[in-house]
$ cat target.csv   # CSV, C-alpha atoms
chain,number,residue,atom,x,y,z
A,766,MET,CA,13.2,-45.0,12.9
A,767,ARG,CA,13.0,-42.0,10.5
A,768,ILE,CA,12.5,-42.5,6.8
A,769,GLY,CA,13.9,-40.3,4.1
A,770,PHE,CA,14.1,-40.1,0.3
A,771,ALA,CA,16.6,-38.5,-2.2
A,772,LEU,CA,15.6,-35.6,-4.4
A,773,PRO,CA,15.8,-36.1,-8.2
A,774,GLN,CA,19.0,-34.1,-8.5
A,775,MET,CA,20.8,-35.9,-11.3
A,776,GLY,CA,20.2,-36.7,-14.9
A,777,PRO,CA,17.3,-35.7,-17.3
A,778,ILE,CA,14.7,-35.8,-14.5
A,779,ALA,CA,16.5,-33.2,-12.4
A,780,THR,CA,14.1,-30.3,-13.2
A,781,PRO,CA,12.4,-27.7,-11.1
A,782,LYS,CA,9.1,-29.4,-11.7
A,783,THR,CA,10.3,-32.8,-10.6
A,784,VAL,CA,12.2,-31.6,-7.6
A,785,THR,CA,9.1,-29.7,-6.5
A,786,GLN,CA,6.8,-32.7,-7.1
A,787,VAL,CA,9.1,-35.1,-5.2
A,788,ALA,CA,9.6,-32.7,-2.3
A,789,GLN,CA,5.9,-32.0,-1.8
A,790,LYS,CA,4.9,-35.7,-2.4
A,791,ALA,CA,7.5,-36.9,0.2
A,792,GLU,CA,6.1,-34.5,2.7
A,793,ALA,CA,2.5,-35.5,2.0
A,794,LEU,CA,3.5,-39.2,2.3
A,795,GLY,CA,5.0,-38.6,5.8
A,796,TYR,CA,8.6,-39.0,4.9
A,797,ASP,CA,10.9,-37.3,7.5
A,798,SER,CA,13.7,-36.0,5.2
A,799,LEU,CA,14.9,-35.2,1.7
A,800,TRP,CA,18.6,-35.7,0.6
A,801,VAL,CA,21.1,-34.6,-2.0
A,802,LEU,CA,24.6,-35.5,-2.9
A,803,ASP,CA,27.7,-33.8,-4.3
A,804,ARG,CA,29.2,-34.5,-7.7
A,805,LEU,CA,31.4,-31.9,-9.3
A,806,LEU,CA,32.7,-33.4,-12.6
A,807,TYR,CA,32.1,-36.1,-15.1
A,808,PRO,CA,35.7,-36.7,-16.2
A,809,VAL,CA,35.9,-38.2,-19.7
A,810,LYS,CA,39.0,-40.3,-18.8
A,811,PRO,CA,38.7,-40.6,-15.0
A,812,GLN,CA,41.9,-41.0,-13.1
A,813,THR,CA,40.1,-42.7,-10.2
A,814,PRO,CA,37.8,-45.7,-11.2
A,815,TYR,CA,34.2,-45.5,-10.0
A,816,VAL,CA,33.5,-48.4,-7.7
A,817,GLY,CA,29.9,-48.8,-8.7
A,818,THR,CA,30.5,-50.0,-12.2
A,819,PRO,CA,32.5,-53.0,-13.5
A,820,ASP,CA,34.7,-50.9,-15.8
A,821,GLY,CA,35.2,-48.0,-13.4
A,822,SER,CA,33.2,-45.5,-15.6
A,823,LEU,CA,30.8,-43.0,-14.1
A,824,PRO,CA,27.1,-43.4,-14.6
A,825,ASP,CA,25.6,-41.1,-17.3
A,826,VAL,CA,23.4,-39.3,-14.8
A,827,TYR,CA,26.5,-37.7,-13.3
A,828,LYS,CA,26.9,-35.6,-16.5
A,829,ARG,CA,24.1,-33.4,-15.2
A,830,VAL,CA,23.9,-32.6,-11.5
A,831,LEU,CA,22.1,-29.8,-9.7
A,832,ASP,CA,24.1,-28.1,-6.9
A,833,PRO,CA,23.3,-29.7,-3.6
A,834,VAL,CA,22.8,-26.7,-1.3
A,835,GLU,CA,20.9,-24.7,-4.0
A,836,THR,CA,18.6,-27.7,-4.6
A,837,LEU,CA,17.8,-28.1,-0.9
A,838,THR,CA,17.1,-24.4,-0.7
A,839,PHE,CA,14.7,-24.7,-3.6
A,840,ALA,CA,13.0,-27.7,-1.9
A,841,ALA,CA,12.8,-25.8,1.4
A,842,ALA,CA,10.8,-23.1,-0.4
A,843,HIS,CA,8.2,-25.6,-1.6
A,844,THR,CA,7.8,-27.5,1.7
A,845,THR,CA,7.1,-26.7,5.3
A,846,ARG,CA,8.1,-29.6,7.6
A,847,ILE,CA,10.4,-32.1,6.0
A,848,ALA,CA,14.1,-32.1,7.0
A,849,LEU,CA,16.8,-31.3,4.4
A,850,GLY,CA,20.0,-33.3,4.3
A,851,THR,CA,23.3,-33.6,2.4
A,852,SER,CA,24.7,-37.0,1.7
A,853,VAL,CA,27.3,-35.9,1.3
A,854,LEU,CA,29.1,-32.6,0.8
A,855,ASP,CA,32.7,-33.3,-0.1
A,856,ILE,CA,34.8,-31.1,2.3
A,857,PRO,CA,37.7,-30.6,-0.2
A,858,PHE,CA,35.5,-28.7,-2.5
A,859,TYR,CA,34.6,-25.9,0.0
A,860,HIS,CA,36.0,-23.2,2.2
A,861,PRO,CA,34.4,-23.5,5.7
A,862,VAL,CA,33.7,-19.7,6.1
A,863,VAL,CA,31.8,-19.5,2.8
A,864,LEU,CA,30.0,-22.8,3.3
A,865,ALA,CA,29.0,-21.8,6.8
A,866,ARG,CA,27.1,-18.8,5.5
A,867,GLN,CA,25.4,-20.9,2.8
A,868,LEU,CA,24.3,-23.6,5.3
A,869,THR,CA,23.3,-21.2,8.0
A,870,THR,CA,21.1,-19.3,5.4
A,871,LEU,CA,19.5,-22.6,4.5
A,872,ASP,CA,18.8,-23.5,8.1
A,873,VAL,CA,17.3,-20.0,8.7
A,874,LEU,CA,15.2,-19.9,5.6
A,875,SER,CA,13.9,-23.5,6.2
A,876,GLY,CA,13.1,-22.8,9.8
A,877,GLY,CA,15.7,-25.1,11.2
A,878,ARG,CA,15.4,-28.2,9.0
A,879,LEU,CA,19.0,-28.7,7.9
A,880,ARG,CA,21.1,-31.8,8.4
A,881,VAL,CA,24.7,-31.8,7.2
A,882,GLY,CA,26.5,-34.9,6.0
A,883,PHE,CA,30.1,-34.6,5.0
A,884,GLY,CA,32.6,-36.8,3.2
A,885,LEU,CA,36.1,-36.4,1.9
A,886,GLY,CA,35.6,-37.2,-1.8
A,887,TRP,CA,37.3,-39.8,-3.9
A,888,SER,CA,37.9,-38.4,-7.4
A,889,LYS,CA,41.4,-37.2,-8.3
A,890,ASP,CA,39.9,-35.3,-11.2
A,891,GLU,CA,37.7,-33.3,-8.8
A,892,PHE,CA,40.5,-32.7,-6.4
A,893,ASP,CA,42.6,-31.4,-9.3
A,894,ALA,CA,39.8,-29.1,-10.5
A,895,VAL,CA,39.4,-27.4,-7.1
A,896,GLY,CA,43.1,-27.4,-6.2
A,897,ALA,CA,42.6,-29.8,-3.3
A,898,SER,CA,45.2,-32.1,-1.8
A,899,ALA,CA,44.1,-35.7,-1.4
A,900,ARG,CA,47.0,-36.3,1.0
A,901,GLU,CA,46.0,-33.6,3.5
A,902,ARG,CA,42.2,-33.9,3.2
A,903,GLY,CA,41.8,-35.8,6.5
A,904,ARG,CA,43.7,-33.2,8.6
A,905,ARG,CA,41.9,-30.4,6.8
A,906,ALA,CA,38.6,-32.0,7.6
A,907,ASP,CA,39.3,-32.0,11.3
A,908,GLU,CA,39.9,-28.3,11.2
A,909,PHE,CA,37.1,-27.6,8.7
A,910,ILE,CA,34.5,-28.9,11.1
A,911,LYS,CA,36.0,-27.0,14.0
A,912,VAL,CA,35.7,-23.8,12.0
A,913,LEU,CA,32.1,-24.5,11.2
A,914,LYS,CA,31.3,-25.1,14.8
A,915,ALA,CA,33.1,-21.9,15.9
A,916,ILE,CA,31.1,-19.8,13.4
A,917,TRP,CA,27.8,-21.5,14.4
A,918,THR,CA,28.3,-21.2,18.1
A,919,THR,CA,30.4,-18.1,19.0
A,920,ASP,CA,30.3,-14.4,18.4
A,921,PRO,CA,32.6,-12.7,17.8
A,922,VAL,CA,34.2,-15.6,16.0
A,923,GLU,CA,38.0,-16.2,16.0
A,924,PHE,CA,39.9,-19.2,14.7
A,925,HIS,CA,43.6,-19.8,13.9
A,926,GLY,CA,44.6,-23.2,12.7
A,927,THR,CA,47.1,-24.8,10.3
A,928,TYR,CA,44.8,-24.4,7.3
A,929,TYR,CA,42.1,-21.9,8.2
A,930,HIS,CA,42.2,-18.5,9.8
A,931,VAL,CA,39.2,-16.3,10.8
A,932,PRO,CA,40.1,-12.9,12.3
A,933,ARG,CA,38.1,-11.9,15.3
A,934,SER,CA,34.8,-11.0,13.6
A,935,VAL,CA,31.1,-10.6,14.2
A,936,ILE,CA,29.1,-13.2,12.2
A,937,GLY,CA,25.7,-12.6,13.6
A,938,LEU,CA,23.8,-15.0,11.4
A,939,LYS,CA,23.4,-18.2,13.3
A,940,PRO,CA,21.5,-21.4,12.6
A,941,VAL,CA,18.0,-21.9,14.1
A,942,GLN,CA,19.1,-25.2,15.5
A,943,LYS,CA,21.1,-25.1,18.7
A,944,PRO,CA,24.0,-25.5,19.2
A,945,HIS,CA,24.2,-26.2,15.4
A,946,PRO,CA,22.6,-28.4,12.7
A,947,PRO,CA,23.5,-32.0,13.2
A,948,ILE,CA,26.7,-33.1,11.4
A,949,TYR,CA,27.0,-36.7,10.1
A,950,LEU,CA,30.2,-38.1,8.5
A,951,ALA,CA,30.5,-40.8,5.9
A,952,ALA,CA,33.6,-42.5,7.3
A,953,TYR,CA,35.2,-45.9,6.8
A,954,ALA,CA,38.9,-45.7,7.5
A,955,PRO,CA,40.1,-45.7,11.1
A,956,ALA,CA,41.1,-42.0,11.1
A,957,ALA,CA,37.8,-41.0,9.6
A,958,LEU,CA,35.8,-43.1,12.1
A,959,LYS,CA,37.7,-41.4,14.9
A,960,ARG,CA,36.7,-38.0,13.4
A,961,ALA,CA,33.0,-39.1,13.4
A,962,ALA,CA,33.3,-40.4,17.0
A,963,THR,CA,34.9,-37.2,18.3
A,964,LEU,CA,33.5,-34.3,16.1
A,965,ALA,CA,30.2,-35.4,14.6
A,966,ASN,CA,26.6,-36.1,15.7
A,967,GLY,CA,26.5,-39.4,13.9
A,968,TRP,CA,27.7,-41.8,11.2
A,969,LEU,CA,26.4,-41.9,7.6
A,970,PRO,CA,27.3,-45.2,5.9
A,971,VAL,CA,26.4,-46.4,2.4
A,972,GLY,CA,26.8,-49.9,0.9
A,973,VAL,CA,28.0,-51.5,4.2
A,974,PRO,CA,26.4,-54.9,5.1
A,975,VAL,CA,24.4,-54.9,8.4
A,976,GLU,CA,27.0,-57.0,10.2
A,977,GLY,CA,29.7,-54.5,9.2
A,978,MET,CA,27.5,-51.6,10.4
A,979,ALA,CA,27.0,-53.3,13.7
A,980,GLN,CA,30.8,-53.8,14.2
A,981,MET,CA,31.7,-50.3,13.1
A,982,MET,CA,29.0,-48.6,15.3
A,983,THR,CA,30.4,-50.5,18.3
A,984,HIS,CA,33.8,-49.2,17.5
A,985,LEU,CA,32.5,-45.7,17.0
A,986,ARG,CA,30.8,-45.7,20.4
A,987,GLU,CA,33.9,-47.0,22.1
A,988,MET,CA,36.0,-44.2,20.6
A,989,ALA,CA,33.3,-41.6,21.5
A,990,LYS,CA,33.3,-42.8,25.1
A,991,ALA,CA,37.1,-42.7,25.2
A,992,ALA,CA,36.9,-39.1,24.1
A,993,GLY,CA,34.6,-38.2,26.9
A,994,ARG,CA,31.4,-38.1,24.9
A,995,ASP,CA,28.1,-39.9,25.6
A,996,PRO,CA,28.2,-42.7,23.0
A,997,SER,CA,24.4,-43.1,23.1
A,998,THR,CA,24.1,-39.7,21.4
A,999,LEU,CA,25.8,-40.8,18.2
A,1000,GLU,CA,23.2,-41.4,15.5
A,1001,LEU,CA,23.3,-44.0,12.7
A,1002,VAL,CA,21.8,-42.6,9.5
A,1003,VAL,CA,21.9,-45.1,6.7
A,1004,ARG,CA,21.9,-44.2,3.0
A,1005,ALA,CA,20.1,-46.9,1.0
A,1006,ASN,CA,21.0,-46.9,-2.7
A,1007,LEU,CA,18.1,-48.8,-4.2
A,1008,HIS,CA,18.3,-51.3,-7.1
A,1009,VAL,CA,14.9,-52.9,-7.4
A,1010,THR,CA,14.6,-56.1,-9.5
A,1011,ALA,CA,11.6,-58.2,-10.5
A,1012,GLN,CA,13.2,-61.4,-9.2
A,1013,PRO,CA,15.2,-62.0,-6.0
A,1014,LEU,CA,18.9,-61.7,-6.3
A,1015,GLY,CA,21.5,-64.2,-4.9
A,1016,ALA,CA,23.3,-64.1,-1.5
A,1017,ASP,CA,26.1,-61.9,-2.9
A,1018,ARG,CA,23.7,-59.0,-3.7
A,1019,TRP,CA,24.4,-55.5,-2.4
A,1020,ILE,CA,22.4,-54.3,0.6
A,1021,PHE,CA,19.1,-52.6,-0.6
A,1022,SER,CA,19.2,-54.4,-3.9
A,1023,GLY,CA,16.9,-57.1,-5.2
A,1024,SER,CA,13.2,-57.8,-4.9
A,1025,LEU,CA,11.0,-55.6,-2.7
A,1026,ASP,CA,10.9,-58.4,-0.2
A,1027,GLN,CA,14.7,-58.5,0.0
A,1028,ILE,CA,14.8,-54.8,0.4
A,1029,LYS,CA,12.1,-54.9,3.1
A,1030,ALA,CA,14.3,-57.5,4.9
A,1031,ASP,CA,17.3,-55.2,4.7
A,1032,VAL,CA,15.2,-52.4,6.2
A,1033,ASP,CA,14.0,-54.6,9.0
A,1034,ARG,CA,17.6,-55.6,9.9
A,1035,VAL,CA,18.8,-52.0,9.9
A,1036,ARG,CA,15.9,-51.1,12.1
A,1037,ALA,CA,16.7,-53.9,14.5
A,1038,LEU,CA,20.3,-52.7,14.6
A,1039,GLY,CA,19.0,-49.4,16.1
A,1040,ALA,CA,19.4,-47.1,13.1
A,1041,ASN,CA,18.0,-43.7,13.7
A,1042,GLU,CA,17.2,-43.1,10.0
A,1043,VAL,CA,17.2,-44.8,6.6
A,1044,PHE,CA,16.9,-42.8,3.4
A,1045,PHE,CA,16.4,-44.2,0.0
A,1046,ASP,CA,17.9,-43.1,-3.4
A,1047,PRO,CA,16.4,-44.8,-6.4
A,1048,THR,CA,18.5,-42.9,-9.0
A,1049,PHE,CA,20.2,-46.0,-10.3
A,1050,SER,CA,17.2,-48.4,-9.9
A,1051,PRO,CA,15.8,-49.7,-13.2
A,1052,ASP,CA,12.2,-48.9,-12.0
A,1053,ALA,CA,12.8,-45.1,-11.4
A,1054,GLN,CA,14.3,-43.7,-14.6
A,1055,THR,CA,11.5,-41.2,-15.4
A,1056,ALA,CA,9.9,-38.5,-13.3
A,1057,GLU,CA,6.7,-40.6,-13.1
A,1058,ALA,CA,8.6,-43.7,-12.2
A,1059,TYR,CA,10.6,-41.8,-9.5
A,1060,LEU,CA,7.4,-40.6,-7.8
A,1061,ALA,CA,5.9,-44.1,-8.0
A,1062,SER,CA,9.1,-45.6,-6.4
A,1063,MET,CA,8.7,-43.1,-3.5
A,1064,GLU,CA,5.1,-44.2,-3.0
A,1065,ARG,CA,6.0,-47.9,-3.2
A,1066,ILE,CA,8.9,-47.6,-0.7
A,1067,ARG,CA,6.8,-45.7,1.7
A,1068,ARG,CA,4.2,-48.4,1.7
A,1069,LEU,CA,6.9,-51.0,2.0
A,1070,VAL,CA,8.6,-49.5,5.1

$ encode --input "target.csv" --output "structure tokens"
Amino acid sequence: MRIGFALPQMGPIATPKTVTQVAQKAEALGYDSLWVLDRLLYPVKPQTPYVGTPDGSLPDVYKRVLDPVETLTFAAAHTTRIALGTSVLDIPFYHPVVLARQLTTLDVLSGGRLRVGFGLGWSKDEFDAVGASARERGRRADEFIKVLKAIWTTDPVEFHGTYYHVPRSVIGLKPVQKPHPPIYLAAYAPAALKRAATLANGWLPVGVPVEGMAQMMTHLREMAKAAGRDPSTLELVVRANLHVTAQPLGADRWIFSGSLDQIKADVDRVRALGANEVFFDPTFSPDAQTAEAYLASMERIRRLV
């Protein structure tokens, strides 16, 4: 099972120095991957409550967020081996032709280290800011991924759909990875799970108990088989949002929260489930709120796993 870690992309510790330190330290410690997320706005009066807080307000670290693709490109320039992943890019924020060029450039400049995780977003404020339709985001996502694959795998490229049109054109810049960088989807609703089963290389859940992951992976593989795909090729890449406490938490705790022993038990159960990768994000953990503590958390988790 591969092990990854999130870059310090948000809040006061999101600086060039800390990003460089974490990227290089992760590589030295033998981590397999580095990850970033996508947060566009910190609405003062959010129209959509944030699920991670009791009152629905967003965490303060979301007030300052480095761009995900630019951050990975910066990390790529300071490392040589470690993979570079997005968890996740929100599809409604982007146009597939423009994003394809950005992601292809990152894959080329990094020597083929890109992994692309996509989601559909959840914030109405962010949808409003970019002029996106929450109602149509699922149908657009299906077409969005098909446009990316067309650009990455054909030349000349031509695509004509309901939402996106690419006139027959030469786009000679192609990813190093063939046929294209792996695509993972954060999916939970039935239609989104079907999208992952039919169009993606794997599933990228967060906050789902192990029992739920097992049931959903079974369903994903059944849908992949029904679509004529080899279900064994679907990867399970688990995002682990860390919340480390000095004392163990009760039975109602979130996965990857609690004492180090509890978190180790969660990792062992995910490994037994057959996960291909787990990557850890300590952004909201009480023990990782400074640059020094963030680096120490990375070392501690590497020893633990």

$ residues_near_point --input "target.csv" --point "(22.4, -55.8, -4.6)" --cutoff "12 Å" --atoms "all atoms listed in the file" --output "compact mmCIF listing (two decimals) with C-alpha atoms, in the frame of the given file"
# COMPACT_ATOMS: atom_id res chain seq x y z
CA GLY A 817 29.90 -48.80 -8.70
CA GLY A 972 26.80 -49.90 0.90
CA VAL A 973 28.00 -51.50 4.20
CA PRO A 974 26.40 -54.90 5.10
CA ALA A 1005 20.10 -46.90 1.00
CA ASN A 1006 21.00 -46.90 -2.70
CA LEU A 1007 18.10 -48.80 -4.20
CA HIS A 1008 18.30 -51.30 -7.10
CA VAL A 1009 14.90 -52.90 -7.40
CA THR A 1010 14.60 -56.10 -9.50
CA GLN A 1012 13.20 -61.40 -9.20
CA PRO A 1013 15.20 -62.00 -6.00
CA LEU A 1014 18.90 -61.70 -6.30
CA GLY A 1015 21.50 -64.20 -4.90
CA ALA A 1016 23.30 -64.10 -1.50
CA ASP A 1017 26.10 -61.90 -2.90
CA ARG A 1018 23.70 -59.00 -3.70
CA TRP A 1019 24.40 -55.50 -2.40
CA ILE A 1020 22.40 -54.30 0.60
CA PHE A 1021 19.10 -52.60 -0.60
CA SER A 1022 19.20 -54.40 -3.90
CA GLY A 1023 16.90 -57.10 -5.20
CA SER A 1024 13.20 -57.80 -4.90
CA LEU A 1025 11.00 -55.60 -2.70
CA GLN A 1027 14.70 -58.50 0.00
CA ILE A 1028 14.80 -54.80 0.40
CA ASP A 1031 17.30 -55.20 4.70
CA PHE A 1049 20.20 -46.00 -10.30
CA SER A 1050 17.20 -48.40 -9.90

$ closest_residue --input "target.csv" --among "A:Leu871, A:Tyr953, A:His860, A:Arg960" --to "A:Tyr928" --atoms "all atoms listed in the file"
A:His860

$ residues_around --input "target.csv" --residues "A:Gln867" --least-positions-apart "6" --cutoff "10 Å" --atoms "all atoms listed in the file" --output "ChimeraX atom specification"
/A:834-835,838,861

$ closest_residue --input "target.csv" --among "A:Leu985, A:Val816, A:Ala897, A:Leu805" --to "A:Lys828" --atoms "only C-alpha atoms"
A:Leu805

$ residues_around --input "target.csv" --residues "A:Pro921" --least-positions-apart "4" --cutoff "12 Å" --atoms "only C-alpha atoms" --output "number ranges by chain"
A: 915-917, 931-939

$ closest_residue --input "target.csv" --among "A:Val863, A:Ala848, A:Val1032, A:Ala952" --to "A:Gly795" --atoms "all atoms listed in the file"
A:Ala848

$ decode --input "target.csv" --residues "stretch 994-1059 of chain A" --atoms "C-alpha atoms" --output "PDB file, in the first residue's frame"
ATOM      1  CA  ARG A 994     -14.149  -2.997 -17.632  1.00  0.00           C
ATOM      2  CA  ASP A 995     -11.797  -5.161 -15.586  1.00  0.00           C
ATOM      3  CA  PRO A 996     -12.968  -4.369 -12.026  1.00  0.00           C
ATOM      4  CA  SER A 997      -9.607  -5.387 -10.547  1.00  0.00           C
ATOM      5  CA  THR A 998      -7.984  -2.364 -12.198  1.00  0.00           C
ATOM      6  CA  LEU A 999     -10.022   0.125 -10.140  1.00  0.00           C
ATOM      7  CA  GLU A1000      -7.831   1.579  -7.394  1.00  0.00           C
ATOM      8  CA  LEU A1001      -8.895   2.651  -3.919  1.00  0.00           C
ATOM      9  CA  VAL A1002      -7.013   5.789  -2.819  1.00  0.00           C
ATOM     10  CA  VAL A1003      -8.071   6.964   0.652  1.00  0.00           C
ATOM     11  CA  ARG A1004      -7.751  10.520   1.909  1.00  0.00           C
ATOM     12  CA  ALA A1005      -7.056  10.498   5.666  1.00  0.00           C
ATOM     13  CA  ASN A1006      -7.877  13.815   7.336  1.00  0.00           C
ATOM     14  CA  LEU A1007      -5.924  13.549  10.577  1.00  0.00           C
ATOM     15  CA  HIS A1008      -7.060  14.753  13.975  1.00  0.00           C
ATOM     16  CA  VAL A1009      -4.582  13.485  16.552  1.00  0.00           C
ATOM     17  CA  THR A1010      -5.519  13.651  20.239  1.00  0.00           C
ATOM     18  CA  ALA A1011      -3.526  12.813  23.352  1.00  0.00           C
ATOM     19  CA  GLN A1012      -6.226  10.500  24.652  1.00  0.00           C
ATOM     20  CA  PRO A1013      -8.300   7.914  22.753  1.00  0.00           C
ATOM     21  CA  LEU A1014     -11.691   9.031  21.469  1.00  0.00           C
ATOM     22  CA  GLY A1015     -14.970   7.161  21.819  1.00  0.00           C
ATOM     23  CA  ALA A1016     -16.620   4.749  19.423  1.00  0.00           C
ATOM     24  CA  ASP A1017     -18.376   7.563  17.536  1.00  0.00           C
ATOM     25  CA  ARG A1018     -15.087   9.150  16.433  1.00  0.00           C
ATOM     26  CA  TRP A1019     -14.389   9.963  12.780  1.00  0.00           C
ATOM     27  CA  ILE A1020     -12.015   7.655  10.928  1.00  0.00           C
ATOM     28  CA  PHE A1021      -8.348   8.738  11.300  1.00  0.00           C
ATOM     29  CA  SER A1022      -9.112  10.750  14.427  1.00  0.00           C
ATOM     30  CA  GLY A1023      -8.091   9.998  18.000  1.00  0.00           C
ATOM     31  CA  SER A1024      -4.903   8.653  19.516  1.00  0.00           C
ATOM     32  CA  LEU A1025      -2.017   7.422  17.404  1.00  0.00           C
ATOM     33  CA  ASP A1026      -2.962   3.856  18.276  1.00  0.00           C
ATOM     34  CA  GLN A1027      -6.510   4.440  17.009  1.00  0.00           C
ATOM     35  CA  ILE A1028      -5.215   5.991  13.806  1.00  0.00           C
ATOM     36  CA  LYS A1029      -2.810   3.074  13.338  1.00  0.00           C
ATOM     37  CA  ALA A1030      -5.761   0.689  13.711  1.00  0.00           C
ATOM     38  CA  ASP A1031      -7.665   2.625  11.030  1.00  0.00           C
ATOM     39  CA  VAL A1032      -4.694   2.370   8.683  1.00  0.00           C
ATOM     40  CA  ASP A1033      -4.397  -1.366   9.310  1.00  0.00           C
ATOM     41  CA  ARG A1034      -8.086  -1.883   8.521  1.00  0.00           C
ATOM     42  CA  VAL A1035      -7.841   0.135   5.311  1.00  0.00           C
ATOM     43  CA  ARG A1036      -4.764  -1.856   4.330  1.00  0.00           C
ATOM     44  CA  ALA A1037      -6.646  -5.124   4.998  1.00  0.00           C
ATOM     45  CA  LEU A1038      -9.470  -3.816   2.809  1.00  0.00           C
ATOM     46  CA  GLY A1039      -7.011  -3.739  -0.081  1.00  0.00           C
ATOM     47  CA  ALA A1040      -6.521   0.014  -0.449  1.00  0.00           C
ATOM     48  CA  ASN A1041      -3.857   0.922  -2.972  1.00  0.00           C
ATOM     49  CA  GLU A1042      -2.921   4.124  -1.173  1.00  0.00           C
ATOM     50  CA  VAL A1043      -3.616   6.206   1.921  1.00  0.00           C
ATOM     51  CA  PHE A1044      -2.505   9.807   2.168  1.00  0.00           C
ATOM     52  CA  PHE A1045      -2.634  11.951   5.270  1.00  0.00           C
ATOM     53  CA  ASP A1046      -3.600  15.592   5.724  1.00  0.00           C
ATOM     54  CA  PRO A1047      -2.810  17.042   9.180  1.00  0.00           C
ATOM     55  CA  THR A1048      -4.067  20.554   8.370  1.00  0.00           C
ATOM     56  CA  PHE A1049      -6.784  20.450  11.025  1.00  0.00           C
ATOM     57  CA  SER A1050      -4.950  18.327  13.574  1.00  0.00           C
ATOM     58  CA  PRO A1051      -4.139  20.151  16.835  1.00  0.00           C
ATOM     59  CA  ASP A1052      -0.561  18.861  16.729  1.00  0.00           C
ATOM     60  CA  ALA A1053       0.322  20.334  13.296  1.00  0.00           C
ATOM     61  CA  GLN A1054      -0.462  24.045  13.409  1.00  0.00           C
ATOM     62  CA  THR A1055       3.063  25.396  12.806  1.00  0.00           C
ATOM     63  CA  ALA A1056       5.595  24.590  10.120  1.00  0.00           C
ATOM     64  CA  GLU A1057       7.766  22.738  12.616  1.00  0.00           C
ATOM     65  CA  ALA A1058       4.807  20.770  13.977  1.00  0.00           C
ATOM     66  CA  TYR A1059       3.635  19.920  10.447  1.00  0.00           C
TER      67      TYR A1059
END
